[in-house]
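Here is work10.cif, consisting of mmCIF, C-alpha atoms:
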```cif
data_protein
loop_
_atom_site.label_atom_id
_atom_site.label_comp_id
_atom_site.auth_asym_id
_atom_site.auth_seq_id
_atom_site.Cartn_x
_atom_site.Cartn_y
_atom_site.Cartn_z
CA MET A 567 120.25 -99.25 286.52
CA ALA A 568 121.09 -102.30 284.39
CA GLY A 569 117.70 -103.83 285.10
CA VAL A 570 115.99 -100.68 283.87
CA VAL A 571 117.86 -100.67 280.61
CA GLN A 572 117.34 -104.38 280.05
CA VAL A 573 113.60 -104.01 280.29
CA SER A 574 113.51 -100.86 278.19
CA LEU A 575 115.58 -102.51 275.49
CA ALA A 576 113.34 -105.55 275.45
CA ALA A 577 110.36 -103.27 275.14
CA LEU A 578 111.78 -101.01 272.46
CA LEU A 579 112.77 -103.95 270.29
CA LEU A 580 109.12 -104.92 269.95
CA LEU A 581 108.17 -101.57 268.46
CA PRO A 582 108.29 -101.17 264.68
CA MET A 583 110.49 -98.08 264.89
CA ALA A 584 112.85 -99.06 267.68
CA THR A 585 116.32 -97.62 267.28
CA ALA A 586 118.33 -96.59 270.33
CA MET A 587 121.50 -97.17 272.26
CA HIS A 588 120.71 -97.29 275.96
CA SER A 589 122.37 -95.57 278.86
CA ASP A 590 124.36 -98.47 280.29
CA CYS A 591 125.69 -99.34 276.83
CA ILE A 592 126.61 -95.70 276.25
CA PHE A 593 128.54 -95.61 279.54
CA LYS A 594 130.35 -98.83 278.66
CA LYS A 595 131.25 -97.46 275.25
CA GLU A 596 132.46 -94.20 276.78
CA GLN A 597 134.47 -96.13 279.36
CA ALA A 598 136.22 -98.19 276.68
CA MET A 599 137.02 -95.05 274.69
CA CYS A 600 138.27 -93.33 277.83
CA LEU A 601 140.68 -96.15 278.70
CA GLU A 602 142.02 -96.06 275.15
CA LYS A 603 142.55 -92.30 275.34
CA ILE A 604 144.33 -92.62 278.69
CA GLN A 605 146.61 -95.32 277.30
CA ARG A 606 147.46 -93.21 274.26
CA ALA A 607 148.13 -90.17 276.48
CA ASN A 608 150.41 -92.21 278.73
CA ASP A 609 152.36 -93.49 275.74
CA LEU A 610 152.58 -90.01 274.21
CA MET A 611 153.73 -88.31 277.42
CA GLY A 612 155.93 -91.22 278.48
CA LEU A 613 154.12 -91.59 281.79
CA ASN A 614 154.66 -94.52 284.14
CA ASP A 615 153.75 -95.56 287.66
CA SER A 616 156.25 -93.11 289.14
CA PHE A 617 154.56 -90.15 287.44
CA PRO A 618 154.24 -87.42 290.15
CA GLY A 619 151.00 -85.99 288.77
CA CYS A 620 147.46 -87.38 288.58
CA PRO A 621 146.88 -90.40 286.35
CA GLY A 622 143.99 -90.47 283.92
CA MET A 623 140.84 -92.07 285.23
CA TRP A 624 137.24 -92.98 284.47
CA ASP A 625 134.97 -91.95 287.37
CA ASN A 626 131.94 -93.90 286.08
CA ILE A 627 130.51 -90.73 284.56
CA THR A 628 133.15 -89.07 282.42
CA CYS A 629 136.82 -89.30 281.44
CA TRP A 630 139.73 -87.38 282.98
CA LYS A 631 143.04 -87.20 281.14
CA PRO A 632 146.42 -87.32 282.99
CA ALA A 633 147.48 -84.00 284.51
CA HIS A 634 150.45 -82.46 286.32
CA VAL A 635 150.26 -81.19 289.89
CA GLY A 636 148.63 -77.77 289.99
CA GLU A 637 146.85 -78.27 286.66
CA MET A 638 143.07 -77.86 286.42
CA VAL A 639 141.19 -80.04 283.94
CA LEU A 640 137.82 -79.04 282.49
CA VAL A 641 135.37 -81.49 280.93
CA SER A 642 131.89 -81.05 279.54
CA CYS A 643 128.90 -82.95 280.83
CA PRO A 644 128.49 -86.39 279.22
CA GLU A 645 126.49 -86.51 276.03
CA LEU A 646 124.03 -88.91 277.65
CA PHE A 647 122.77 -86.18 280.00
CA ARG A 648 122.19 -83.89 277.02
CA ILE A 649 120.06 -86.58 275.39
CA LEU A 650 118.04 -87.37 278.51
CA ASN A 651 117.66 -83.73 279.64
CA PRO A 652 117.51 -81.70 276.42
CA ASP A 653 115.82 -78.74 278.14
CA GLN A 654 118.49 -78.30 280.79
CA ASP A 655 121.57 -76.15 280.24
CA MET A 656 124.68 -78.30 280.52
CA GLY A 657 127.73 -76.84 282.21
CA VAL A 658 131.38 -77.72 282.68
CA VAL A 659 132.91 -79.75 285.51
CA SER A 660 136.49 -79.22 286.72
CA ARG A 661 139.02 -81.10 288.87
CA ASN A 662 142.32 -79.88 290.27
CA CYS A 663 145.37 -82.12 290.31
CA THR A 664 146.97 -81.82 293.77
CA GLU A 665 149.79 -83.64 295.48
CA GLU A 666 147.19 -85.85 297.17
CA GLY A 667 145.59 -86.65 293.83
CA TRP A 668 142.45 -85.48 292.09
CA SER A 669 140.15 -83.09 293.91
CA GLU A 670 136.40 -83.48 294.04
CA PRO A 671 134.57 -82.33 290.90
CA TYR A 672 133.45 -78.71 290.93
CA PRO A 673 130.69 -77.88 290.45
CA HIS A 674 129.21 -81.24 291.29
CA TYR A 675 127.58 -83.30 288.56
CA ILE A 676 124.24 -82.72 290.26
CA ASP A 677 124.52 -78.96 289.71
CA ALA A 678 126.35 -78.88 286.41
CA CYS A 679 124.68 -81.76 284.55
CA GLY A 680 121.39 -82.38 286.30
CA LEU A 681 122.51 -85.75 287.64
CA ASP A 682 120.02 -85.59 290.49
CA ASP A 683 117.14 -85.28 288.03
CA TYR A 684 118.58 -88.12 285.98
CA GLU A 685 118.81 -90.41 289.02
CA SER A 686 115.25 -89.62 290.11
CA GLU A 687 114.02 -90.28 286.58
CA THR A 688 115.96 -93.53 286.55
CA GLY A 689 114.21 -94.66 289.70
CA ASP A 690 110.83 -93.90 288.17
CA GLN A 691 111.81 -95.64 284.95
CA ASP A 692 112.91 -98.70 286.90
CA TYR A 693 109.44 -99.20 288.32
CA TYR A 694 107.80 -98.24 285.03
CA TYR A 695 109.74 -100.65 282.84
CA LEU A 696 109.40 -103.48 285.32
CA SER A 697 105.64 -102.91 285.27
CA VAL A 698 105.58 -102.95 281.46
CA LYS A 699 107.66 -106.14 281.41
CA ALA A 700 105.29 -107.82 283.86
CA LEU A 701 102.33 -106.66 281.76
CA TYR A 702 103.62 -108.01 278.45
CA THR A 703 104.81 -111.25 280.10
CA VAL A 704 101.30 -111.91 281.38
CA GLY A 705 99.84 -110.84 278.04
CA TYR A 706 102.01 -113.08 275.88
CA SER A 707 101.60 -116.01 278.28
CA THR A 708 97.82 -115.66 278.23
CA SER A 709 97.80 -115.30 274.45
CA LEU A 710 100.06 -118.34 274.00
CA VAL A 711 97.84 -120.62 276.09
CA THR A 712 94.63 -119.35 274.47
CA LEU A 713 96.00 -119.57 270.93
CA THR A 714 97.31 -123.10 271.51
CA THR A 715 93.85 -124.20 272.67
CA ALA A 716 92.22 -122.53 269.67
CA MET A 717 94.65 -124.24 267.31
CA VAL A 718 93.83 -127.65 268.81
CA ILE A 719 90.10 -127.01 268.33
CA LEU A 720 90.43 -125.85 264.72
CA CYS A 721 92.74 -128.74 263.83
CA ARG A 722 90.69 -131.36 265.65
CA PHE A 723 87.31 -130.79 263.96
CA ARG A 724 87.38 -131.50 260.23
CA LYS A 725 84.12 -129.61 259.61
CA LEU A 726 85.95 -126.41 260.58
CA HIS A 727 88.56 -126.88 257.85
CA CYS A 728 88.02 -124.13 255.29
CA THR A 729 90.03 -121.30 253.73
CA ARG A 730 88.80 -118.74 256.26
CA ASN A 731 89.80 -120.88 259.23
CA PHE A 732 93.09 -121.85 257.58
CA ILE A 733 93.96 -118.15 257.43
CA HIS A 734 92.90 -117.78 261.07
CA MET A 735 95.14 -120.71 261.98
CA ASN A 736 98.15 -119.18 260.26
CA LEU A 737 97.48 -115.91 262.08
CA PHE A 738 97.27 -117.83 265.37
CA VAL A 739 100.61 -119.52 264.62
CA SER A 740 102.22 -116.14 263.89
CA PHE A 741 100.98 -114.79 267.24
CA MET A 742 102.32 -117.90 268.99
CA LEU A 743 105.71 -117.58 267.32
CA ARG A 744 105.86 -113.91 268.26
CA ALA A 745 105.20 -114.70 271.92
CA ILE A 746 107.74 -117.53 271.93
CA SER A 747 110.38 -115.33 270.25
CA VAL A 748 109.88 -112.63 272.90
CA PHE A 749 110.44 -115.13 275.71
CA ILE A 750 113.51 -116.60 273.98
CA LYS A 751 114.97 -113.15 273.35
CA ASP A 752 114.48 -112.07 276.96
CA TRP A 753 115.97 -115.33 278.18
CA ILE A 754 119.05 -115.22 275.92
CA LEU A 755 119.83 -111.51 275.99
CA TYR A 756 118.72 -110.41 279.45
CA ALA A 757 118.99 -113.46 281.69
CA GLU A 758 121.93 -111.93 283.53
CA GLN A 759 121.24 -108.86 285.65
CA ASP A 760 124.06 -106.88 284.10
CA SER A 761 124.78 -105.15 280.84
CA ASN A 762 126.69 -107.88 279.02
CA HIS A 763 124.22 -107.53 276.17
CA CYS A 764 126.07 -104.39 275.12
CA SER A 765 129.14 -106.36 274.08
CA ILE A 766 127.80 -109.86 273.44
CA SER A 767 128.32 -110.88 269.84
CA THR A 768 127.71 -114.58 269.28
CA VAL A 769 126.10 -116.51 266.48
CA GLU A 770 123.43 -117.77 268.87
CA CYS A 771 122.24 -114.35 270.02
CA LYS A 772 122.27 -113.00 266.45
CA ALA A 773 120.21 -116.00 265.33
CA VAL A 774 117.74 -115.24 268.13
CA MET A 775 117.37 -111.66 266.89
CA VAL A 776 116.87 -112.85 263.30
CA PHE A 777 114.19 -115.29 264.46
CA PHE A 778 112.57 -112.58 266.58
CA HIS A 779 112.35 -110.10 263.70
CA TYR A 780 111.02 -112.84 261.40
CA CYS A 781 108.20 -113.64 263.83
CA VAL A 782 107.28 -109.97 264.27
CA VAL A 783 107.19 -109.25 260.51
CA SER A 784 105.22 -112.42 259.74
CA ASN A 785 102.67 -111.51 262.42
CA TYR A 786 102.07 -108.09 260.85
CA LEU A 787 101.79 -109.60 257.38
CA TRP A 788 99.24 -112.21 258.46
CA LEU A 789 97.19 -109.40 259.99
CA PHE A 790 97.39 -107.76 256.57
CA ILE A 791 96.30 -111.02 254.89
CA GLU A 792 93.27 -111.25 257.18
CA GLY A 793 92.20 -107.79 256.06
CA LEU A 794 92.93 -108.51 252.40
CA TYR A 795 90.95 -111.76 252.47
CA LEU A 796 87.91 -110.18 254.10
CA PHE A 797 87.97 -107.24 251.71
CA THR A 798 88.22 -109.58 248.70
CA LEU A 799 85.38 -111.66 250.08
CA LEU A 800 83.12 -108.62 250.25
CA VAL A 801 84.12 -107.11 246.91
CA GLU A 802 84.23 -110.19 244.67
CA THR A 803 81.24 -112.49 244.40
CA PHE A 804 83.18 -115.50 243.12
CA PHE A 805 86.88 -116.05 243.51
CA PRO A 806 89.09 -119.17 243.80
CA GLU A 807 89.81 -119.32 247.51
CA ARG A 808 92.26 -122.22 247.21
CA ARG A 809 94.42 -120.37 244.69
CA TYR A 810 94.27 -117.22 246.77
CA PHE A 811 95.32 -119.15 249.88
CA TYR A 812 98.45 -120.32 248.05
CA TRP A 813 99.48 -116.70 247.44
CA TYR A 814 98.48 -115.73 250.97
CA THR A 815 100.89 -118.35 252.31
CA ILE A 816 103.72 -117.04 250.14
CA ILE A 817 103.07 -113.47 251.33
CA GLY A 818 102.65 -114.39 255.00
CA TRP A 819 105.68 -116.64 255.41
CA GLY A 820 107.78 -115.93 252.31
CA THR A 821 107.97 -112.14 252.43
CA PRO A 822 109.32 -112.05 256.03
CA THR A 823 111.93 -114.62 255.02
CA VAL A 824 113.17 -112.40 252.19
CA CYS A 825 113.12 -109.20 254.28
CA VAL A 826 114.89 -110.69 257.30
CA THR A 827 117.45 -112.48 255.12
CA VAL A 828 118.30 -109.22 253.32
CA TRP A 829 118.49 -107.37 256.65
CA ALA A 830 120.74 -110.02 258.22
CA THR A 831 123.04 -110.03 255.17
CA LEU A 832 123.36 -106.24 255.15
CA ARG A 833 123.83 -106.20 258.91
CA PHE A 834 126.59 -108.80 258.67
CA TYR A 835 128.56 -106.88 256.07
CA PHE A 836 127.91 -103.26 257.07
CA ASP A 837 126.92 -103.14 260.77
CA ASP A 838 128.10 -106.33 262.46
CA THR A 839 128.21 -104.92 265.99
CA GLY A 840 126.95 -106.49 269.20
CA CYS A 841 124.08 -108.91 269.11
CA TRP A 842 122.17 -107.00 266.42
CA ASP A 843 119.74 -105.83 269.09
CA MET A 844 120.64 -102.17 268.50
CA ASN A 845 119.53 -100.43 265.31
CA ASP A 846 121.83 -97.45 264.90
CA SER A 847 121.67 -97.59 261.08
CA THR A 848 118.32 -96.17 260.02
CA ALA A 849 118.74 -97.26 256.40
CA LEU A 850 119.24 -100.92 257.35
CA TRP A 851 116.36 -100.82 259.82
CA TRP A 852 113.97 -99.75 257.05
CA VAL A 853 114.43 -103.16 255.42
CA ILE A 854 112.34 -104.56 258.27
CA LYS A 855 110.38 -101.47 259.25
CA GLY A 856 109.23 -100.80 255.68
CA PRO A 857 107.06 -103.94 255.24
CA VAL A 858 105.65 -103.51 258.75
CA VAL A 859 104.65 -99.87 258.28
CA GLY A 860 103.37 -100.65 254.77
CA SER A 861 101.16 -103.49 256.00
CA ILE A 862 99.76 -101.26 258.77
CA MET A 863 98.97 -98.50 256.28
CA VAL A 864 97.32 -100.82 253.72
CA ASN A 865 95.36 -102.61 256.45
CA PHE A 866 94.00 -99.28 257.66
CA VAL A 867 92.83 -98.45 254.13
CA LEU A 868 91.20 -101.90 253.84
CA PHE A 869 89.56 -101.38 257.22
CA ILE A 870 87.99 -98.10 256.07
CA GLY A 871 86.87 -99.76 252.82
CA ILE A 872 85.23 -102.64 254.67
CA ILE A 873 83.43 -100.26 257.03
CA VAL A 874 82.05 -98.38 253.99
CA ILE A 875 80.83 -101.65 252.45
CA LEU A 876 79.23 -102.72 255.74
CA VAL A 877 77.42 -99.39 256.01
CA GLN A 878 76.04 -99.80 252.50
CA LYS A 879 74.93 -103.36 253.17
CA LEU A 880 73.34 -102.55 256.53
CA GLN A 881 71.41 -99.61 255.05
CA SER A 882 69.96 -101.66 252.21
CA PRO A 883 66.18 -102.33 252.41
CA ASP A 884 66.76 -106.10 252.41
CA MET A 885 68.50 -106.01 255.78
CA GLY A 886 65.49 -104.69 257.71
CA GLY A 887 65.56 -103.37 261.24
CA ASN A 888 65.44 -99.84 262.56
CA GLU A 889 68.21 -97.28 262.48
CA SER A 890 69.46 -98.03 266.00
CA SER A 891 69.84 -101.75 265.29
CA ILE A 892 71.77 -100.97 262.10
CA TYR A 893 74.24 -98.77 263.95
CA LEU A 894 74.53 -101.36 266.71
CA ARG A 895 75.46 -104.05 264.22
CA LEU A 896 77.90 -101.70 262.54
CA ALA A 897 79.56 -100.86 265.84
CA ARG A 898 79.85 -104.54 266.73
CA SER A 899 81.35 -105.37 263.34
CA THR A 900 83.85 -102.53 263.68
CA LEU A 901 84.95 -103.61 267.15
CA LEU A 902 85.42 -107.17 265.91
CA LEU A 903 87.62 -106.01 263.04
CA ILE A 904 89.96 -103.79 265.10
CA PRO A 905 91.98 -106.61 266.75
CA LEU A 906 91.88 -108.74 263.61
CA PHE A 907 93.34 -105.95 261.46
CA GLY A 908 95.71 -104.59 264.13
CA ILE A 909 94.22 -101.12 263.68
CA HIS A 910 95.50 -100.03 267.08
CA TYR A 911 99.04 -100.03 265.67
CA THR A 912 98.17 -97.04 263.47
CA VAL A 913 98.01 -94.78 266.54
CA PHE A 914 101.82 -94.54 266.75
CA ALA A 915 102.91 -96.10 263.44
CA PHE A 916 103.69 -92.78 261.74
CA SER A 917 104.65 -90.66 264.75
CA PRO A 918 108.27 -89.70 265.57
CA GLU A 919 110.19 -92.32 267.48
CA ASN A 920 110.59 -90.21 270.63
CA PHE A 921 106.95 -89.07 270.65
CA SER A 922 105.08 -90.25 273.81
CA LYS A 923 107.50 -93.11 274.33
CA ARG A 924 105.96 -94.23 277.63
CA GLU A 925 102.41 -94.25 276.32
CA ARG A 926 103.64 -95.97 273.19
CA LEU A 927 105.27 -98.78 275.14
CA VAL A 928 102.13 -99.44 277.16
CA PHE A 929 99.83 -99.24 274.14
CA GLU A 930 101.80 -101.25 271.59
CA LEU A 931 103.73 -103.58 273.87
CA GLY A 932 101.64 -103.98 277.00
CA LEU A 933 98.18 -104.01 275.46
CA GLY A 934 99.44 -105.42 272.15
CA SER A 935 100.61 -108.57 273.93
CA PHE A 936 96.95 -109.43 274.62
CA GLN A 937 95.99 -109.13 270.93
CA GLY A 938 96.50 -112.86 270.34
CA PHE A 939 94.21 -113.64 273.26
CA VAL A 940 91.49 -111.31 271.94
CA VAL A 941 91.72 -112.70 268.40
CA ALA A 942 91.52 -116.31 269.64
CA VAL A 943 88.47 -115.56 271.78
CA LEU A 944 86.60 -113.62 269.09
CA TYR A 945 87.34 -115.84 266.11
CA CYS A 946 87.40 -119.27 267.77
CA PHE A 947 85.74 -119.53 271.17
CA LEU A 948 82.91 -117.08 270.39
CA ASN A 949 82.52 -118.27 266.80
CA GLY A 950 79.04 -119.75 266.28
CA GLU A 951 80.29 -122.44 263.91
CA VAL A 952 82.94 -123.56 266.38
CA GLN A 953 80.50 -123.57 269.28
CA ALA A 954 77.97 -125.62 267.28
CA GLU A 955 80.61 -128.20 266.37
CA ILE A 956 81.82 -128.49 269.97
CA LYS A 957 78.22 -128.90 271.21
CA ARG A 958 77.59 -131.59 268.57
CA LYS A 959 80.68 -133.51 269.62
CA TRP A 960 79.73 -133.10 273.27
CA ARG A 961 76.22 -134.47 272.70
CA SER A 962 77.62 -137.37 270.69
CA TRP A 963 80.07 -138.20 273.46
CA LYS A 964 77.32 -138.08 276.11
CA VAL A 965 75.07 -140.37 274.05
CA ASN A 966 77.85 -142.90 273.50
CA ARG A 967 78.74 -142.78 277.18
CA TYR A 968 75.09 -143.25 278.20
CA PHE A 969 74.62 -146.31 275.99
CA ALA A 970 77.97 -147.74 277.10
CA VAL A 971 77.01 -147.49 280.79
CA ASP A 972 73.45 -148.72 280.16
CA PHE A 973 74.62 -151.69 278.09
CA LYS A 974 77.15 -152.65 280.73
CA HIS A 975 74.45 -152.80 283.43
CA ARG A 976 71.91 -154.68 281.29
CA HIS A 977 74.32 -157.24 279.77
CA PRO A 978 77.29 -157.69 282.09
CA SER A 979 78.29 -160.96 280.40
CA LEU A 980 78.60 -159.28 276.98
CA ALA A 981 80.36 -156.30 278.49
CA SER A 982 82.93 -158.58 280.12
CA SER A 983 83.49 -160.37 276.81
CA GLY A 984 84.61 -157.12 275.19
CA VAL A 985 81.36 -155.86 273.59
CA ASN A 986 81.01 -152.19 274.44
CA GLY A 987 78.32 -149.60 274.00
CA GLY A 988 79.78 -148.35 270.74
CA THR A 989 79.66 -151.87 269.29
CA GLN A 990 76.07 -152.26 270.45
CA LEU A 991 75.12 -148.96 268.80
CA SER A 992 76.67 -150.06 265.54
CA ILE A 993 74.82 -153.40 265.73
CA LEU A 994 71.54 -151.61 266.38
CA SER A 995 72.08 -149.22 263.48
CA LYS A 996 72.93 -152.08 261.11
CA SER A 997 69.90 -154.06 262.23
CA SER A 998 67.58 -151.11 261.75
CA SER A 999 68.90 -150.48 258.26
CA GLN A 1000 68.41 -154.14 257.34
CA ILE A 1001 64.86 -154.02 258.67
CA ARG A 1002 64.10 -150.98 256.55
CA MET A 1003 65.54 -152.68 253.50
CA SER A 1004 63.52 -155.84 254.02
CA GLY A 1005 60.32 -153.81 254.21
CA LEU A 1006 58.84 -155.99 256.95
CA PRO A 1007 56.17 -154.35 259.11
CA ALA A 1008 56.77 -153.86 262.78
CA ASP A 1009 53.95 -156.23 263.74
CA ASN A 1010 55.56 -159.16 262.01
CA LEU A 1011 58.84 -158.41 263.75
CA ALA A 1012 57.09 -158.46 267.09
CA THR A 1013 55.67 -161.91 266.41
#
```
Go ahead and render the structure in this file as C-alpha cells.
Amino acid sequence: MAGVVQVSLAALLLLPMATAMHSDCIFKKEQAMCLEKIQRANDLMGLNDSFPGCPGMWDNITCWKPAHVGEMVLVSCPELFRILNPDQDMGVVSRNCTEEGWSEPYPHYIDACGLDDYESETGDQDYYYLSVKALYTVGYSTSLVTLTTAMVILCRFRKLHCTRNFIHMNLFVSFMLRAISVFIKDWILYAEQDSNHCSISTVECKAVMVFFHYCVVSNYLWLFIEGLYLFTLLVETFFPERRYFYWYTIIGWGTPTVCVTVWATLRFYFDDTGCWDMNDSTALWWVIKGPVVGSIMVNFVLFIGIIVILVQKLQSPDMGGNESSIYLRLARSTLLLIPLFGIHYTVFAFSPENFSKRERLVFELGLGSFQGFVVAVLYCFLNGEVQAEIKRKWRSWKVNRYFAVDFKHRHPSLASSGVNGGTQLSILSKSSSQIRMSGLPADNLAT
C-alpha cells in the first residue's frame, strides 16, 4: 500500500496541476485525530485502565470512541472510501461493546464501504504505478545521458556556437536539471518503503521540493523561449539576436526564480505543513501552475502561427516541387516542432485534475520523460551542421593519425627524438608557403 502511494505521489508531483493528499497520509492523519479524540474522551469521562467498558480504539480503518458494556456504537464509512468510490452508496458500520470487548464490525467494511473493491483497485494501482515509475526512470535516465552527450558536442565545437544553439543548450540544461531533480526527489522523499513522507518536515526535504519546482518551471519556460525565438526568426527579417538572447536568459532562468521564491515564501508563512510535497492550497499552487499553463498556452499559439507561416512559404512559387512534396515537408516540419515546443502538454493542460488520471500520468510523465532524448536527437545528433562538423573533425583526426604513423615508419630516428606527425605537417605547410612566396618554379627546386 505504501509503495503504491509513494509512486503515485512522485508521479502526480510532476504534473502541472498536481494537488492531492494520498490514502496512506489520509489514514495517518485520521489515526492521529482519532487518538486525540480518544484521549479527550477519556479525560472528559474520567476513564482509566480499570474502566469496565470498551476503550476507544483505531482499527486501521476508522475510529471508535469509548463505550459502556451493552452500548452499540455507529460510525460512517471513512471519507477516503467516498473519494475513491464516489458512485457507491456508503453505509454505516456498528460495533457492540460486550464484556469480552468490542464485537466484530457489522456489516463488514467490505459490504458497507466497498472495501473489497478498494483493495482490488489498490492491487491494480500497485502494478500500474510501479510500471509508470519504471517507465519514467528509464526515460529520464536515457534523456540525461543523451543530453549530456549533446551538450559536450555543442560546447566542444566552436563553429557550432551561435544564438540558436545557445538556446538549444539552455533547453538541454533545463531538461537535465529536471531529470536530476526527479531522481533527487525520489531518493530523498521515497527512499524508505513506508509513509514517513506524510509527516517529514525538514529543511532539506523542503529545499529539494523548491529545487524540483524550479527545474520544472524553468524547463517549461525554455520550451516557450524556443518557440518564441523561432517565431521571431520567421516574422522579423533583421533582429539583434545577442540582445534577444540576454532577455531570453532572464526569462528562462530568472522568472522561475521569482515564481518559486514567492511560492516558497507564501508556503512558509501560510501552509508550512509536511515537506511541501502536498498542494492542498489551490491559491498558492497557482503561483507555480500559472506560469506553466501560460507558457503552454502561448507556445501552442506560436506553434499554430509558425505552421501558418510554413504553409505560406511552402506554397510560394519560389519553393518549387509538387503538392505532395510540399505537404511532406510541412508534415516533417510539424513533427519536428512538436517535441521542441512541448505541444503534447496541451492535451491535458486545461482538463480537470481528476480527468483521465491514469492516461494523463502515462502521457505526461511516462512519455514526457523521453522528451529530452527526442529533442537531443533531433536538434543535435540529426542536425546537418553538427554532423558536418563531426565529420570534418573525424577526417582531420584520421589525416593527422595517418601522417603520424607514416612519418614514424619512414623516419624512426626523428620520431624517437620527439618529432611527431603533427610537427612534420606544420613543417611541410610552412615550407610550401615559403616556396609559393619565393615564386621559384618546381623544376628549379628539383635541381
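Counting from CA of Phe836 (chain A), the distance to CA of Pro857 (chain A) is 20.9 Å.
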**Message:** Around the point (96.3, -104.8, 264.6) (coordinates from the file), which residues reach within 12 Å if we count all atoms listed in the file? Answer as a PyMOL selection string.
**Reply:** chain A and resi 737+741+785-793+858-859+861-866+869+901-915+929-931+933-938+940-941
Write the selection just made, keeping C-alpha atoms, as a JSON list (two decimals), keeping the file's coordinate frame?
```json
[["chain", "number", "residue", "atom", "x", "y", "z"],
["A", 737, "LEU", "CA", 97.48, -115.91, 262.08],
["A", 741, "PHE", "CA", 100.98, -114.79, 267.24],
["A", 785, "ASN", "CA", 102.67, -111.51, 262.42],
["A", 786, "TYR", "CA", 102.07, -108.09, 260.85],
["A", 787, "LEU", "CA", 101.79, -109.60, 257.38],
["A", 788, "TRP", "CA", 99.24, -112.21, 258.46],
["A", 789, "LEU", "CA", 97.19, -109.40, 259.99],
["A", 790, "PHE", "CA", 97.39, -107.76, 256.57],
["A", 791, "ILE", "CA", 96.30, -111.02, 254.89],
["A", 792, "GLU", "CA", 93.27, -111.25, 257.18],
["A", 793, "GLY", "CA", 92.20, -107.79, 256.06],
["A", 858, "VAL", "CA", 105.65, -103.51, 258.75],
["A", 859, "VAL", "CA", 104.65, -99.87, 258.28],
["A", 861, "SER", "CA", 101.16, -103.49, 256.00],
["A", 862, "ILE", "CA", 99.76, -101.26, 258.77],
["A", 863, "MET", "CA", 98.97, -98.50, 256.28],
["A", 864, "VAL", "CA", 97.32, -100.82, 253.72],
["A", 865, "ASN", "CA", 95.36, -102.61, 256.45],
["A", 866, "PHE", "CA", 94.00, -99.28, 257.66],
["A", 869, "PHE", "CA", 89.56, -101.38, 257.22],
["A", 901, "LEU", "CA", 84.95, -103.61, 267.15],
["A", 902, "LEU", "CA", 85.42, -107.17, 265.91],
["A", 903, "LEU", "CA", 87.62, -106.01, 263.04],
["A", 904, "ILE", "CA", 89.96, -103.79, 265.10],
["A", 905, "PRO", "CA", 91.98, -106.61, 266.75],
["A", 906, "LEU", "CA", 91.88, -108.74, 263.61],
["A", 907, "PHE", "CA", 93.34, -105.95, 261.46],
["A", 908, "GLY", "CA", 95.71, -104.59, 264.13],
["A", 909, "ILE", "CA", 94.22, -101.12, 263.68],
["A", 910, "HIS", "CA", 95.50, -100.03, 267.08],
["A", 911, "TYR", "CA", 99.04, -100.03, 265.67],
["A", 912, "THR", "CA", 98.17, -97.04, 263.47],
["A", 913, "VAL", "CA", 98.01, -94.78, 266.54],
["A", 914, "PHE", "CA", 101.82, -94.54, 266.75],
["A", 915, "ALA", "CA", 102.91, -96.10, 263.44],
["A", 929, "PHE", "CA", 99.83, -99.24, 274.14],
["A", 930, "GLU", "CA", 101.80, -101.25, 271.59],
["A", 931, "LEU", "CA", 103.73, -103.58, 273.87],
["A", 933, "LEU", "CA", 98.18, -104.01, 275.46],
["A", 934, "GLY", "CA", 99.44, -105.42, 272.15],
["A", 935, "SER", "CA", 100.61, -108.57, 273.93],
["A", 936, "PHE", "CA", 96.95, -109.43, 274.62],
["A", 937, "GLN", "CA", 95.99, -109.13, 270.93],
["A", 938, "GLY", "CA", 96.50, -112.86, 270.34],
["A", 940, "VAL", "CA", 91.49, -111.31, 271.94],
["A", 941, "VAL", "CA", 91.72, -112.70, 268.40]]
```
**Request:** On this file, the PyMOL selection byres ((chain A and resi 624-640) around 6) gives some set of residues; write that set as a list in words.
**Result:**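 Listing what the PyMOL selection byres ((chain A and resi 624-640) around 6) selects in the shown file: Cys600, Gly619, Cys620, Pro621, Gly622, Met623, Val641, Val659, Ser660, Arg661, Asn662, Cys663 and Thr664 of chain A.
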**Message:** For a test of reading the model, state the distance in Å between CA of Phe647 (chain A) and CA of Ala598 (chain A), rounded to one decimal.
**Reply:** 18.3 Å
**Asked** In Å, how far is it from CA of Phe834 (chain A) to CA of Lys595 (chain A)?
**Response**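 We find that CA of Phe834 (chain A) and CA of Lys595 (chain A) lie 20.6 Å from each other.
Of the residues under consideration (A:Trp829, A:Thr768, A:Phe749, A:Gly871), A:Trp829 shows the shortest atom-to-atom contact distance to Trp851 (chain A) when counting only C-alpha atoms.
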**Request:** Expand the PyMOL selection byres ((chain A and resi 748) around 12) into the individual residues it matches in the shown file, reporting them as a ChimeraX atom specification.
**Result:** /A:573,575-580,699,702-703,705-707,710,741-747,749-756,774-782,931,935
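Candidate residues A:Lys957, A:Lys772, A:Arg926, A:Arg722 were compared for distance to Asp843 (chain A), and the nearest is A:Lys772, using only C-alpha atoms.
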